[in-house]
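As provided, query-v2.cif (mmCIF, C-alpha atoms) reads as follows.
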data_entry
loop_
_atom_site.label_atom_id
_atom_site.label_comp_id
_atom_site.auth_asym_id
_atom_site.auth_seq_id
_atom_site.Cartn_x
_atom_site.Cartn_y
_atom_site.Cartn_z
CA MET M 22 102.94 -31.18 136.43
CA PHE M 23 101.10 -27.91 136.59
CA GLY M 24 101.08 -26.78 140.24
CA TYR M 25 97.38 -27.41 140.90
CA VAL M 26 97.75 -29.94 143.72
CA ARG M 27 97.54 -27.79 146.85
CA THR M 28 96.72 -28.08 150.53
CA ASP M 29 93.47 -26.66 151.88
CA THR M 30 95.28 -24.26 154.18
CA PRO M 31 92.40 -23.18 156.49
CA TYR M 32 91.93 -26.84 157.47
CA LEU M 33 95.63 -27.72 157.68
CA TYR M 34 97.06 -28.67 161.08
CA MET M 35 100.19 -26.75 162.10
CA LYS M 36 102.17 -30.00 162.29
CA ASP M 37 101.19 -30.81 158.70
CA ASP M 38 102.00 -27.32 157.48
CA THR M 39 105.50 -27.75 158.95
CA LEU M 40 105.80 -31.19 157.32
CA TYR M 41 104.59 -29.91 153.94
CA ARG M 42 107.08 -27.03 153.92
CA ALA M 43 109.88 -29.38 154.94
CA MET M 44 108.97 -31.84 152.17
CA TYR M 45 108.88 -28.99 149.65
CA CYS M 46 112.43 -28.07 150.61
CA GLY M 47 113.43 -31.74 150.52
CA VAL M 48 112.28 -32.15 146.92
CA CYS M 49 114.07 -28.93 146.00
CA LYS M 50 117.29 -30.31 147.48
CA GLY M 51 116.69 -33.61 145.71
CA ILE M 52 116.43 -31.82 142.38
CA ALA M 53 119.71 -30.01 143.05
CA GLU M 54 121.48 -33.24 144.01
CA VAL M 55 120.40 -35.13 140.90
CA CYS M 56 119.94 -32.42 138.28
CA GLY M 57 121.95 -29.39 139.41
CA GLN M 58 121.07 -26.05 140.95
CA SER M 59 119.39 -24.45 137.92
CA ALA M 60 116.83 -27.25 137.70
CA ARG M 61 115.46 -26.23 141.10
CA MET M 62 113.55 -23.42 139.40
CA GLY M 63 111.07 -25.97 138.05
CA LEU M 64 109.94 -27.27 141.46
CA SER M 65 106.17 -27.78 141.62
CA TYR M 66 103.62 -28.31 144.38
CA ASP M 67 102.43 -31.43 142.58
CA VAL M 68 105.75 -33.22 143.09
CA THR M 69 105.81 -32.11 146.73
CA PHE M 70 102.46 -33.86 147.16
CA LEU M 71 103.93 -36.98 145.53
CA SER M 72 106.79 -36.88 148.02
CA VAL M 73 104.37 -36.67 150.95
CA ILE M 74 102.11 -39.54 149.90
CA LEU M 75 104.69 -41.87 148.32
CA HIS M 76 106.98 -41.74 151.36
CA ASN M 77 103.97 -42.67 153.49
CA ILE M 78 102.74 -45.54 151.33
CA ALA M 79 106.28 -46.89 150.87
CA GLY M 80 106.91 -46.69 154.62
CA ILE M 81 110.03 -44.57 154.19
CA ASP M 82 110.50 -42.41 157.28
CA VAL M 83 111.66 -38.86 156.64
CA THR M 84 114.28 -37.11 158.73
CA ILE M 85 113.59 -33.40 159.17
CA GLU M 86 116.25 -31.02 160.47
CA LYS M 87 116.97 -27.29 160.56
CA GLN M 88 119.25 -26.52 157.64
CA HIS M 89 120.50 -23.77 155.32
CA CYS M 90 120.18 -23.68 151.54
CA LEU M 91 120.80 -21.21 148.71
CA THR M 92 117.40 -19.60 149.18
CA HIS M 93 117.50 -19.66 152.97
CA CYS M 94 121.18 -18.89 153.47
CA ILE M 95 120.80 -16.62 156.53
CA ARG M 96 118.13 -18.29 158.61
CA THR M 97 117.72 -22.01 158.98
CA ARG M 98 114.38 -23.71 158.38
CA MET M 99 113.02 -27.21 158.74
CA MET M 100 113.95 -29.33 155.71
CA ALA M 101 113.50 -32.99 154.86
CA ASN M 102 116.73 -34.82 154.18
CA VAL M 103 117.24 -36.23 150.70
CA ASP M 104 116.74 -39.97 150.18
CA GLU M 105 116.52 -42.12 147.04
CA LEU M 106 112.77 -41.54 146.63
CA THR M 107 113.35 -37.79 146.79
CA ARG M 108 116.02 -38.09 144.11
CA GLN M 109 113.61 -40.00 141.88
CA LEU M 110 111.01 -37.27 142.39
CA GLY M 111 113.60 -34.66 141.50
CA ALA M 112 114.32 -36.55 138.30
CA LEU M 113 110.59 -36.72 137.49
CA ASN M 114 110.18 -32.99 138.11
CA THR M 115 113.07 -32.07 135.82
CA ALA M 116 111.98 -34.41 133.01
CA LEU M 117 108.45 -32.99 133.11
CA VAL M 118 109.66 -29.39 132.99
CA TYR M 119 112.12 -30.11 130.17
CA TYR M 120 109.46 -31.76 128.02
CA LYS M 121 106.97 -29.00 128.82
CA TYR M 122 109.30 -26.38 127.38
CA THR M 123 110.08 -28.67 124.44
CA ASP M 124 106.34 -28.82 123.73
CA ASP M 125 106.13 -25.02 124.00
CA ILE M 126 108.89 -24.68 121.40
CA ILE M 127 107.07 -27.05 119.02
CA ASP M 128 103.87 -25.04 119.47
CA GLY M 129 105.71 -21.84 118.54
CA ASP M 130 105.73 -20.37 122.03
CA ARG M 131 108.81 -19.00 123.71
CA GLY M 132 110.56 -21.85 125.44
CA LYS M 133 114.10 -22.17 124.13
CA GLY M 134 115.63 -19.84 126.70
CA LYS M 135 113.76 -21.43 129.59
CA ARG M 136 114.57 -24.97 128.48
CA LEU M 137 118.30 -24.22 128.62
CA TRP M 138 118.07 -24.00 132.41
CA PHE M 139 117.04 -27.67 132.50
CA LYS M 140 119.10 -29.14 129.67
CA LYS M 141 122.02 -30.34 131.80
CA GLY M 142 119.70 -31.70 134.47
CA PHE M 143 117.66 -33.56 131.88
CA LYS M 144 120.81 -35.25 130.56
CA ARG M 145 121.55 -36.40 134.10
CA VAL M 146 118.04 -37.82 134.42
CA LYS M 147 118.44 -39.81 131.19
CA ALA M 148 121.77 -41.19 132.41
CA LYS M 149 120.83 -42.03 136.01
CA TYR M 150 117.09 -42.74 135.76
CA PRO M 151 116.38 -43.88 132.19
CA GLU M 152 113.13 -45.62 133.23
CA ILE M 153 111.71 -42.37 134.64
CA GLU M 154 112.67 -40.53 131.46
CA ARG M 155 110.99 -43.28 129.41
CA ILE M 156 107.77 -43.10 131.43
CA VAL M 157 107.59 -39.34 130.92
CA ARG M 158 108.63 -39.36 127.25
CA GLU M 159 106.33 -42.16 126.08
CA ASN M 160 103.25 -40.94 127.91
CA LEU M 161 103.75 -37.35 126.77
CA ALA M 162 104.18 -38.64 123.21
CA ASN M 163 100.84 -40.43 123.60
CA GLN M 164 99.37 -37.20 124.94
CA GLU M 165 100.63 -35.30 121.91
CA GLU M 166 99.13 -37.92 119.58
CA VAL M 167 95.73 -37.58 121.24
CA GLU M 168 95.86 -33.80 120.94
CA ARG M 169 96.92 -33.92 117.29
CA ALA M 170 93.91 -36.14 116.61
CA LYS M 171 91.66 -33.43 118.13
CA THR M 172 90.07 -35.94 120.48
CA ASP M 173 86.82 -34.52 121.84
CA SER M 174 86.54 -36.98 124.74
CA VAL M 175 87.76 -35.57 128.06
CA ASP M 176 88.38 -39.12 129.34
CA ARG M 177 90.61 -40.11 126.43
CA ALA M 178 92.35 -36.73 126.45
CA ALA M 179 93.38 -37.15 130.10
CA ASP M 180 94.39 -40.82 129.85
CA ALA M 181 98.08 -40.30 128.99
CA THR M 182 98.78 -37.91 131.87
CA ALA M 183 96.87 -40.21 134.21
CA LYS M 184 98.94 -43.23 133.11
CA LEU M 185 102.16 -41.25 133.50
CA LEU M 186 101.51 -40.68 137.18
CA ALA M 187 100.21 -44.20 137.76
CA GLU M 188 103.21 -45.84 136.05
CA PHE M 189 105.62 -43.64 137.99
CA SER M 190 103.93 -44.68 141.26
CA ASP M 191 104.37 -48.36 140.32
CA TYR M 192 108.03 -47.73 139.51
CA VAL M 193 108.92 -46.09 142.84
CA LEU M 194 106.65 -48.15 145.10
CA LYS M 195 107.84 -51.49 143.65
CA GLU M 196 106.46 -54.30 145.85
CA LYS M 197 104.28 -51.80 147.74
CA ALA M 198 102.40 -50.97 144.53
CA THR M 199 98.84 -52.33 144.32
CA GLU M 200 95.80 -51.96 142.10
CA ALA M 201 94.53 -49.36 144.57
CA THR M 202 97.71 -47.23 144.40
CA TYR M 203 97.66 -47.39 140.60
CA ALA M 204 94.00 -46.31 140.58
CA LEU M 205 94.67 -43.49 143.03
CA PHE M 206 97.50 -41.96 141.05
CA TYR M 207 95.65 -42.51 137.78
CA ALA M 208 92.72 -40.49 139.16
CA VAL M 209 94.99 -37.73 140.47
CA GLY M 210 96.82 -37.53 137.12
CA LYS M 211 93.52 -37.33 135.30
CA TRP M 212 92.34 -34.56 137.61
CA ILE M 213 95.56 -32.58 137.01
CA TYR M 214 95.11 -32.71 133.24
CA LEU M 215 91.43 -31.81 133.31
CA ILE M 216 91.68 -28.98 135.83
CA ASP M 217 94.52 -27.49 133.77
CA ALA M 218 92.39 -27.75 130.61
CA LEU M 219 89.45 -26.11 132.36
CA ASP M 220 91.65 -23.33 133.74
CA ASP M 221 93.10 -22.68 130.26
CA TYR M 222 89.71 -22.74 128.50
CA ASP M 223 89.56 -19.05 127.57
CA LYS M 224 93.26 -18.85 126.68
CA ASP M 225 93.09 -21.93 124.46
CA LEU M 226 89.91 -20.69 122.81
CA LYS M 227 91.58 -17.40 121.95
CA LYS M 228 94.74 -19.08 120.61
CA GLY M 229 92.90 -21.88 118.82
CA ALA M 230 94.85 -24.41 120.88
CA TYR M 231 93.68 -27.93 121.68
CA ASN M 232 91.37 -28.26 124.67
CA PRO M 233 89.02 -31.23 125.14
CA PHE M 234 86.40 -29.12 126.90
CA ILE M 235 86.22 -26.74 123.93
CA LEU M 236 85.79 -29.59 121.45
CA ALA M 237 83.31 -31.46 123.63
CA TYR M 238 81.09 -28.54 124.65
CA GLY M 239 81.91 -25.60 122.39
CA GLU M 240 80.94 -22.88 124.86
CA LYS M 241 82.12 -19.33 124.16
CA SER M 242 83.89 -18.99 127.54
CA ARG M 243 84.81 -20.89 130.68
CA GLU M 244 82.16 -18.93 132.55
CA ALA M 245 79.50 -20.07 130.09
CA LEU M 246 80.69 -23.65 130.44
CA ALA M 247 80.74 -23.59 134.25
CA GLU M 248 77.41 -21.78 134.66
CA GLY M 249 75.41 -22.84 131.59
CA GLU M 250 73.28 -25.88 130.86
CA LYS M 251 76.34 -28.17 130.89
CA ALA M 252 77.46 -27.03 134.37
CA ASP M 253 76.12 -30.13 136.14
CA GLU M 254 77.86 -32.41 133.65
CA ILE M 255 81.20 -30.65 134.21
CA LYS M 256 80.80 -30.91 137.98
CA TYR M 257 79.93 -34.60 137.64
CA ILE M 258 83.22 -35.28 135.81
CA PHE M 259 85.19 -33.97 138.77
CA HIS M 260 82.91 -35.47 141.43
CA ALA M 261 83.40 -38.88 139.81
CA LEU M 262 87.16 -38.43 140.11
CA PHE M 263 86.84 -37.47 143.78
CA PHE M 264 84.78 -40.62 144.35
CA ASP M 265 87.51 -42.74 142.70
CA ILE M 266 90.14 -41.06 144.89
CA ARG M 267 88.18 -41.75 148.09
CA GLU M 268 87.57 -45.37 147.09
CA SER M 269 91.25 -45.96 146.32
CA LEU M 270 92.39 -44.28 149.54
CA SER M 271 90.18 -46.62 151.58
CA LYS M 272 92.07 -49.62 150.15
CA ILE M 273 95.62 -48.31 150.68
CA GLU M 274 97.70 -49.01 153.77
CA PHE M 275 99.43 -45.91 155.07
CA ARG M 276 102.47 -46.45 157.31
CA PHE M 277 102.35 -43.07 159.05
CA ASN M 278 99.83 -40.35 159.92
CA ARG M 279 97.81 -39.51 156.81
CA ASP M 280 96.31 -36.16 157.86
CA LEU M 281 98.38 -34.22 155.32
CA SER M 282 97.58 -36.58 152.43
CA ASP M 283 93.87 -36.49 153.30
CA ASN M 284 93.92 -32.70 153.48
CA ILE M 285 95.37 -32.44 149.98
CA LEU M 286 93.31 -35.17 148.31
CA LEU M 287 89.96 -34.84 150.08
CA ARG M 288 89.91 -31.07 150.65
CA GLY M 289 92.61 -29.43 148.53
CA LEU M 290 91.63 -30.88 145.15
CA PRO M 291 87.90 -30.08 145.55
CA ALA M 292 88.75 -26.58 146.80
CA VAL M 293 90.93 -25.86 143.74
CA THR M 294 88.22 -27.28 141.47
CA LYS M 295 85.63 -25.00 143.02
CA ARG M 296 87.89 -21.96 142.54
CA ILE M 297 88.55 -22.77 138.89
CA LEU M 298 84.85 -23.41 138.20
CA SER M 299 83.98 -20.07 139.79
CA GLY M 300 86.38 -18.25 137.48
CA CYS M 301 89.23 -17.80 139.94
CA GLY M 302 92.83 -18.94 139.65
CA VAL M 303 94.43 -21.79 141.56
CA ASP M 304 95.38 -19.35 144.34
CA GLY M 305 91.84 -18.03 144.63
CA ARG M 306 92.50 -14.73 142.89
CA CYS M 307 89.36 -13.86 140.98
CA LYS M 308 88.98 -11.55 138.04
CA PRO M 309 85.86 -9.36 138.23
CA LYS M 310 83.13 -10.71 136.01
CA LYS M 311 82.21 -8.58 133.05
CA ASN M 312 78.82 -6.96 133.43
CA LYS M 313 76.75 -5.62 130.60
CA THR M 314 77.35 -1.91 130.30
CA ASP M 315 74.39 0.06 131.43
CA GLU M 316 72.82 2.08 128.70
CA THR M 317 72.79 5.77 129.47
CA THR M 318 70.42 8.31 128.05
CA ASP M 319 71.49 11.79 127.10
CA THR M 320 68.97 14.13 128.73
CA ASN M 321 70.42 17.32 127.31
#
Show the structure stored in the file as structure tokens.
Amino acid sequence: MFGYVRTDTPYLYMKDDTLYRAMYCGVCKGIAEVCGQSARMGLSYDVTFLSVILHNIAGIDVTIEKQHCLTHCIRTRMMANVDELTRQLGALNTALVYYKYTDDIIDGDRGKGKRLWFKKGFKRVKAKYPEIERIVRENLANQEEVERAKTDSVDRAADATAKLLAEFSDYVLKEKATEATYALFYAVGKWIYLIDALDDYDKDLKKGAYNPFILAYGEKSREALAEGEKADEIKYIFHALFFDIRESLSKIEFRFNRDLSDNILLRGLPAVTKRILSGCGVDGRCKPKKNKTDETTDTN
């Protein structure tokens, strides 16, 4: 996961903000319980979202209480208690982070030191949740194969990450899994991969790294891609995903209030997409656009 799945905070109810923060802490505690304290450093917003929506679809009620933890050792804060689904999400988070740093090492980037923080936790994941480790390993291997082949199709490039999330949802939801839940998580996984690729466009272009948008469109910068003649086509790719998400949501039975899930999926994802397309980061921090330097005339 890459940390792109966020709430749309200005439109977030206070009750849902409290729930989201509590679920974030719950996943963090779940990681610690399954994978050890050091693995908590890899916690992502994406897995917090998975905790919110999967608990709801599965009908697993969450107990939230004021508690202490290592980070909040002085003041208590509202935290979701750890259950088996949270442990499974903690295992997923650790496996994803471990393989991410493994991929960085293969690519020649610095990752050995960082991966050490997750090595023990990853071993625990393989021992306790071998099916989760298999889902992550096999789909990431398929992802690597697609990238080695220099696939220039954004759909095919995103397929492995999309299937990873969809297969994981089937695994944890069990009898609650449906065609609609698979389609929903497939679309979200596809969005995560593509928004990450779009965000990394300039960096990948500079490094000569694989990026499906570069191979498919060949623009000299992300700005040129997002504002040039292919801009409408890029927007259509993401709008089609948002349509798939809305269609799947309409066919899924939620056991509890779904305001928080709707905020993330129907408002948060489009908001992040808009920020990335406009040249800003996931948090909305924008770099000033380069303007052509004005020519000055020496009048002396």
**Message:** With the PyMOL selection byres ((chain M and resi 156-168) around 8) as the selection, what would be picked from this file? Answer as a PyMOL selection string, please.
**Reply:** chain M and resi 113+116-117+120+152-155+169-172+177-182+184-185+188-189+231
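Minimum atom-to-atom distances from M:Leu33, M:Leu110, M:Leu186, M:Leu194 to Tyr214 of chain M were compared using only C-alpha atoms, and the lowest value belongs to M:Leu186.
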**Request:** Identify which of the residues M:Gly24, M:Tyr150, M:Leu106, M:Trp138 lies closest to Tyr119 of chain M, counting all atoms listed in the file when measuring atom-to-atom distances.
**Result:** M:Trp138
For segment 245-251 of chain M, I'd like the enclosing box, axis-aligned and padded by 8 Å on every side, reported as JSON with centre and edge lengths in Å to one decimal.
{"center_x": 77.0, "center_y": -24.1, "center_z": 132.4, "size_x": 23.5, "size_y": 24.1, "size_z": 20.6}
**Residue among M:Val293, M:Leu246, M:Met44, M:Ala201 lying closest to Ile213 of chain M, counting all atoms listed in the file** = M:Val293
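Across the chains present, the PyMOL selection byres ((chain M and resi 30) around 12) applied to this file returns M:Arg27, M:Thr28, M:Asp29, M:Pro31, M:Tyr32, M:Leu33, M:Tyr34, M:Met35, M:Asp37, M:Asp38, M:Thr39, M:Tyr41, M:Leu281, M:Asn284, M:Ile285, M:Arg288, M:Gly289, M:Leu290, M:Ala292, M:Val293, M:Asp304, M:Gly305.
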**Prompt:** Could you tell me, as a PyMOL selection string, which residues have any atom at most 7 Å from (94.2, -50.6, 144.6), counting all atoms listed in the file?
**Reply:** chain M and resi 199-204+269+272-273
**Item:** Shell of 10 Å around Ile81 of chain M, only C-alpha atoms, local chain residues under 2 positions omitted, as a ChimeraX atom specification
**Value:** /M:75-79,83-84,104-106,276-277
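Atom pair atom CA of Cys307 of chain M / atom CA of Ser282 of chain M has a distance of 26.7 Å (rounded to one decimal).
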**Request:** Considering only C-alpha atoms, state which residue in the set M:Lys149, M:Arg131, M:His89, M:Lys197 is at the smallest distance from Glu274 of chain M.
**Result:** M:Lys197
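Take atom CA of Asn114 of chain M and atom CA of Gly63 of chain M: the distance between them is 7.1 Å.
Between atom CA of Gly134 of chain M and atom CA of Val118 of chain M lies a distance of 12.9 Å.
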Just add N, CA and C atoms to segment 283-303 of chain M and send it as a PDB file, in the coordinates of the input.
ATOM      1  N   ASP M 283      95.329 -36.648 153.348  1.00  0.00           N
ATOM      2  CA  ASP M 283      93.870 -36.490 153.300  1.00  0.00           C
ATOM      3  C   ASP M 283      93.484 -35.040 153.057  1.00  0.00           C
ATOM      4  N   ASN M 284      94.221 -34.115 153.675  1.00  0.00           N
ATOM      5  CA  ASN M 284      93.920 -32.700 153.480  1.00  0.00           C
ATOM      6  C   ASN M 284      94.062 -32.319 152.008  1.00  0.00           C
ATOM      7  N   ILE M 285      95.120 -32.784 151.376  1.00  0.00           N
ATOM      8  CA  ILE M 285      95.370 -32.440 149.980  1.00  0.00           C
ATOM      9  C   ILE M 285      94.351 -33.111 149.054  1.00  0.00           C
ATOM     10  N   LEU M 286      94.150 -34.408 149.243  1.00  0.00           N
ATOM     11  CA  LEU M 286      93.310 -35.170 148.310  1.00  0.00           C
ATOM     12  C   LEU M 286      91.815 -34.940 148.532  1.00  0.00           C
ATOM     13  N   LEU M 287      91.389 -34.908 149.789  1.00  0.00           N
ATOM     14  CA  LEU M 287      89.960 -34.840 150.080  1.00  0.00           C
ATOM     15  C   LEU M 287      89.435 -33.416 150.238  1.00  0.00           C
ATOM     16  N   ARG M 288      90.335 -32.461 150.502  1.00  0.00           N
ATOM     17  CA  ARG M 288      89.910 -31.070 150.650  1.00  0.00           C
ATOM     18  C   ARG M 288      90.578 -30.147 149.630  1.00  0.00           C
ATOM     19  N   GLY M 289      91.880 -30.330 149.419  1.00  0.00           N
ATOM     20  CA  GLY M 289      92.610 -29.430 148.530  1.00  0.00           C
ATOM     21  C   GLY M 289      92.160 -29.500 147.085  1.00  0.00           C
ATOM     22  N   LEU M 290      92.034 -30.718 146.553  1.00  0.00           N
ATOM     23  CA  LEU M 290      91.630 -30.880 145.150  1.00  0.00           C
ATOM     24  C   LEU M 290      90.213 -30.332 144.906  1.00  0.00           C
ATOM     25  N   PRO M 291      89.228 -30.680 145.750  1.00  0.00           N
ATOM     26  CA  PRO M 291      87.900 -30.080 145.550  1.00  0.00           C
ATOM     27  C   PRO M 291      87.889 -28.565 145.695  1.00  0.00           C
ATOM     28  N   ALA M 292      88.712 -28.032 146.604  1.00  0.00           N
ATOM     29  CA  ALA M 292      88.750 -26.580 146.800  1.00  0.00           C
ATOM     30  C   ALA M 292      89.299 -25.877 145.555  1.00  0.00           C
ATOM     31  N   VAL M 293      90.367 -26.432 144.968  1.00  0.00           N
ATOM     32  CA  VAL M 293      90.930 -25.860 143.740  1.00  0.00           C
ATOM     33  C   VAL M 293      89.918 -25.961 142.604  1.00  0.00           C
ATOM     34  N   THR M 294      89.241 -27.091 142.515  1.00  0.00           N
ATOM     35  CA  THR M 294      88.220 -27.280 141.470  1.00  0.00           C
ATOM     36  C   THR M 294      87.129 -26.232 141.589  1.00  0.00           C
ATOM     37  N   LYS M 295      86.681 -25.990 142.792  1.00  0.00           N
ATOM     38  CA  LYS M 295      85.630 -25.000 143.020  1.00  0.00           C
ATOM     39  C   LYS M 295      86.091 -23.610 142.603  1.00  0.00           C
ATOM     40  N   ARG M 296      87.365 -23.288 142.914  1.00  0.00           N
ATOM     41  CA  ARG M 296      87.890 -21.960 142.540  1.00  0.00           C
ATOM     42  C   ARG M 296      87.966 -21.808 141.028  1.00  0.00           C
ATOM     43  N   ILE M 297      88.437 -22.848 140.341  1.00  0.00           N
ATOM     44  CA  ILE M 297      88.550 -22.770 138.890  1.00  0.00           C
ATOM     45  C   ILE M 297      87.159 -22.671 138.244  1.00  0.00           C
ATOM     46  N   LEU M 298      86.209 -23.450 138.742  1.00  0.00           N
ATOM     47  CA  LEU M 298      84.850 -23.410 138.200  1.00  0.00           C
ATOM     48  C   LEU M 298      84.190 -22.051 138.414  1.00  0.00           C
ATOM     49  N   SER M 299      84.570 -21.382 139.492  1.00  0.00           N
ATOM     50  CA  SER M 299      83.980 -20.070 139.790  1.00  0.00           C
ATOM     51  C   SER M 299      84.670 -18.932 139.057  1.00  0.00           C
ATOM     52  N   GLY M 300      85.694 -19.266 138.264  1.00  0.00           N
ATOM     53  CA  GLY M 300      86.380 -18.250 137.480  1.00  0.00           C
ATOM     54  C   GLY M 300      87.620 -17.673 138.141  1.00  0.00           C
ATOM     55  N   CYS M 301      88.039 -18.275 139.233  1.00  0.00           N
ATOM     56  CA  CYS M 301      89.230 -17.800 139.940  1.00  0.00           C
ATOM     57  C   CYS M 301      90.441 -18.652 139.545  1.00  0.00           C
ATOM     58  N   GLY M 302      91.619 -18.182 139.902  1.00  0.00           N
ATOM     59  CA  GLY M 302      92.830 -18.940 139.650  1.00  0.00           C
ATOM     60  C   GLY M 302      93.062 -19.967 140.734  1.00  0.00           C
ATOM     61  N   VAL M 303      94.133 -20.745 140.605  1.00  0.00           N
ATOM     62  CA  VAL M 303      94.430 -21.790 141.560  1.00  0.00           C
ATOM     63  C   VAL M 303      94.659 -21.228 142.958  1.00  0.00           C
TER      64      VAL M 303
END
